[in-house]
Structures are given as C-alpha cells and as structure tokens.
Amino acid sequence: MVSDFFYPLIGGVENHIYQLSQCLIQRNHKVIVVTHAYDDRVGVRYMTNGLKVYYLPYKPFYNNTILPTVFSTIPLIRSILLREQITIVHGHSSFSTLAHETMHHAKTLGIRTVFTDHSLFGFADLSSILTNKVLQVSLVDCHHIICVSHTCKENTMLRANLKSSKVSVIPNAVDSSAFTPDTNLRPSSSDEIVIVVASRLVYRKGIDLLIGILPKILRKYPDVKFRIAGNGPKEIDIREVIEREGTEDRVALEGSVNHDKMRDFLNSGHIFLNTSLTEAFCMAIVEAAACGLLVVSTKVGGIPEVLPSNDTQSDIMILCEANINDVFIGLCNAIDRIQIGQIPNANEWHNKIKNWYSWSWVAQHTEIVYDHIITQKSINLTERIYKYTQCGFVSGFVMSFVAMLAYLIFILLDYNQPRRLIDLSTDYSKEDFE
C-alpha cells in the first residue's frame, strides 16, 4: 500500500488504507504501507497485527504530498520493494506523488500495480487538466484500477482515457462496531433538535452553503442547535456569521474531533448535514447513518449511490441540489420530520449499514483483483513506451524518456548494489503481535 496520506493524518484515504490492510492481514497476506515522514515519525513503525509502515525521509512539499522528482526516490523504493519481496504495489489517491512514483518504479522492476481512485475531478481548470494528464500517463500501464463508486469510475475513465474492463468498483466501508447508535446521548426532540456537521471547513466541502443556511435555520427554528466538528480556512467565516447573528449559545464549533470520540459526537445529534460540492464516496454519511441519524446531503458525485434517499421513499437520507435554497428546504423537511416523531429506527439502520458496508467484503473483492492481475504478464519497457506514445505527443515523449532513464538508473543500481546483497526482511505473522 502506497500513499502520501496515512496515519497520523485522519481522513477517508488514510482510513481506507488502514482498514483494508488489516483485513488483508487477517486473510493471511503480507502487507506493508509506504508513506512519507510526518514530523519526527521517520523510519519503520509497526501497527496493529504487525502492519509494517515505512515512513520515508521525505518531507511534504504541498498539500501533504512530496515534491515530484521521480528519480530521487528510486534507490530507497527499489530497496524496499526487493527487501520485502513485494509482488503487488497498490497506490491510493490521484493527489499522491509518492503513489505514482512508486508504481512507476514497480513497473520497471516488473511488479504488478493496482491503483485506487478516491476523488472526483473536473476537466476545465488548469489544475484539473494537469492532474488528469498525470493520471493518464500513470495509469496507462497500470494493471488494474479500482474506484469507490460508479460515478467515480465514469470520472476516472474519462480523465485517464481508460477501458471499462480495466476499472472495477469496490466501495468504501465502515467499521460498524465503532459507530453504534446511542439515543441516550442526544436530547429529547421535544426540547431541542441538534444538527451535527463533521467536515473539513474548506470550499470543496460546501461550507459556503452551510454559512448561507445557518442564520436562516436559526431564525426559523428557535429550538435548533448546531454542532460543527472540523477545522480549516472557512472557520473564520462561520465565526463571523455566529457573531453577527448573536447565536454563540446555539452554534458550537468543536474543532477537530478524534476518531475514537466521533461516535459520541454523532450520537449527540438528530440530523447529520453534509454540504459537499463534490464527493466520490462520502464516508461521513455512512457513519452517521450507522448511528441512526437522519442525513441531509447535497446530491453530488457518488453520494446518491451510498444510501437510499427520499427519491426511493427512504427515511434515512434527504438529497438536495447544491444550492442554498434547496439545502435549506431539505433541512427544514428533516427538522419537521424529527418534530413530529418520524425518526429513523437507529438499530434497524445500524444493522443495514453493517450488512451493506463491511471491510471484510472490501478485502475479499480487492483480493479478487489481486488474483486476476497476478496471472497477467508483467509489462516490459518496450510495451510501456508504446503505451506512453498513445497519451499524446508531448506527454508521450516525456514519459518515454523518463521510463528509459529510470531503467538505466535501475541497471546502474543493480551493478552498484546487486540484488543478492540486499538482506530480505523477516516476516512476522499477526500471532507474533498478539
């Protein structure tokens, strides 16, 4: 497993890598995680069940990703892949420089590669155009791609010009044992209704929509309170609205909430509000539904695939268009339902989420992908160069040059540091850590 995003960061990609790794270990696979250093967390660390994590001595350059250099990571990545006798490299996140570079080096060594895309991108702005081109040249010689929703699959296929047969959909999951309902933690709906928000306070998460509806809801419903978990640059805008409206006693900014306390935070509310502007698969609404909260969410990306909604006569999620007026109407409908006692059956929905979204199921289907690609022959340098030339004249030429230069560097390293002199790592089973 390779990504710039891993513990101690907390997020969807980080949780996905950790939970999938643990389940694969339970299924008797050897799994290691490769990421970059976080402050003084450098070197090799061991996590639950002997999950081995390499924190490489590279500092993040931008947005928690390392500086893209391609060649400077070759010696260390080569040593790890050979020392650990890796047969499959699984990269995560389109944003991750380390994932793309490690996959590139693995292909040079003849190792099979898999990539999981967790995000949706546009096609018009400069940032998206550059990212999409990098994704295209990175995935053109990748053995298989996994997406977390059907919407994400369509988006990735268009961005990277991929065939449908090369892309599978395996959704995220939730640790249902960590998100159990407890209605005793929330106040009686006859006294007050609590709306909870758990999100990074950034533009992409639709915080401007939250800021727009906040004063309108508080004016219309005097018995409604908000609890907002998360931090980010939009926090100051929320504080300005709270001070302008004089509602400090009704809107609580909780800051960053630790993952082990998120269950209690969710159970303190009746309604979970998600205002994302783009989302491939929203883990937060699944965790909220597992706790029995009524979910109000914008109808964007892969969210309609995640839970049954009001469109299917469900009582767990209300979908809204991504504008202030529609979100306001949807949230008002949710509040009115709570006031008249139309509250989702928490235990019933917890059991449904437990059956629908299981990490063991995700690991089982990921294992099927691994079994499929391990039977495929590795792609040699000539085939890779041919595939790169299909990506456009400029990018094809650049990537062909990079691939040939990387190949020469590997030959030099094989001469300078022969593979037979690299000590193989000692493998530990999960029983050794019990």
# chains A, B, ... in the order shown; residues from 1 in each chain; ligands from 1
call {"tool": "residues_around", "arguments": {"residues": "region 232-243 of chain A", "least_positions_apart": "2", "cutoff": "6 Å", "atoms": "only C-alpha atoms", "output": "PDB file with N, CA and C atoms, in the first residue's frame"}}
result
ATOM      1  N   ARG A 200     -14.110  18.858   6.922  1.00  0.00           N
ATOM      2  CA  ARG A 200     -13.072  19.882   6.818  1.00  0.00           C
ATOM      3  C   ARG A 200     -13.731  21.170   6.359  1.00  0.00           C
ATOM      4  N   LEU A 201     -13.364  22.270   6.978  1.00  0.00           N
ATOM      5  CA  LEU A 201     -14.020  23.551   6.695  1.00  0.00           C
ATOM      6  C   LEU A 201     -13.321  24.236   5.524  1.00  0.00           C
ATOM      7  N   VAL A 202     -13.554  23.664   4.334  1.00  0.00           N
ATOM      8  CA  VAL A 202     -12.942  24.167   3.112  1.00  0.00           C
ATOM      9  C   VAL A 202     -14.028  24.342   2.058  1.00  0.00           C
ATOM     10  N   GLU A 245     -24.957  37.195  14.039  1.00  0.00           N
ATOM     11  CA  GLU A 245     -26.313  36.800  14.406  1.00  0.00           C
ATOM     12  C   GLU A 245     -26.514  36.696  15.915  1.00  0.00           C
ATOM     13  N   GLY A 246     -25.421  36.742  16.666  1.00  0.00           N
ATOM     14  CA  GLY A 246     -25.524  36.628  18.119  1.00  0.00           C
ATOM     15  C   GLY A 246     -26.010  35.260  18.568  1.00  0.00           C
ATOM     16  N   THR A 247     -25.528  34.208  17.925  1.00  0.00           N
ATOM     17  CA  THR A 247     -26.001  32.848  18.217  1.00  0.00           C
ATOM     18  C   THR A 247     -24.888  31.968  18.781  1.00  0.00           C
ATOM     19  N   GLU A 248     -23.998  32.574  19.564  1.00  0.00           N
ATOM     20  CA  GLU A 248     -22.886  31.808  20.143  1.00  0.00           C
ATOM     21  C   GLU A 248     -23.362  30.648  21.001  1.00  0.00           C
TER      22      GLU A 248
END
call {"tool": "select_by_dssp", "arguments": {"residues": "region 165-209 of chain A", "states": "strand (DSSP E or B)", "output": "VMD selection string"}}
result
chain A and resid 167 to 169 193 to 198
call {"tool": "residues_around", "arguments": {"residues": "Ile25 (chain A)", "least_positions_apart": "6", "cutoff": "9 Å", "atoms": "only C-alpha atoms", "output": "ChimeraX atom specification"}}
result
/A:31,49-51,429-430
call {"tool": "closest_atom_pairs", "arguments": {"of": "region 381-409 of chain A", "to": "region 137-141 of chain A", "cutoff": "9 Å", "atoms": "only C-alpha atoms", "output": "Markdown table"}}
result
| residue | atom | partner | partner_atom | distance |
| --- | --- | --- | --- | --- |
| A:Glu383 | CA | A:Asp141 | CA | 8.5 |
| A:Arg384 | CA | A:Asp141 | CA | 6.2 |
| A:Lys387 | CA | A:Val140 | CA | 6.4 |
| A:Tyr388 | CA | A:Val137 | CA | 6.4 |
| A:Gln390 | CA | A:Val140 | CA | 8.7 |
| A:Cys391 | CA | A:Val137 | CA | 6.5 |
| A:Ser395 | CA | A:Val137 | CA | 7.6 |
| A:Gly396 | CA | A:Val137 | CA | 7.8 |
| A:Met399 | CA | A:Val137 | CA | 7.4 |
call {"tool": "write_last_selection", "arguments": {"atoms": "C-alpha atoms", "output": "JSON list (two decimals), in the first residue's frame"}}
result
[["chain", "number", "residue", "atom", "x", "y", "z"],
["A", 383, "GLU", "CA", 5.37, -2.14, -24.25],
["A", 384, "ARG", "CA", 5.37, 0.70, -21.73],
["A", 387, "LYS", "CA", 1.53, 2.81, -24.31],
["A", 388, "TYR", "CA", 3.02, 6.19, -23.40],
["A", 390, "GLN", "CA", -0.76, 6.80, -27.06],
["A", 391, "CYS", "CA", -1.09, 9.57, -24.44],
["A", 395, "SER", "CA", 3.49, 13.73, -22.67],
["A", 396, "GLY", "CA", 4.31, 10.51, -24.55],
["A", 399, "MET", "CA", 7.26, 9.77, -20.18]]
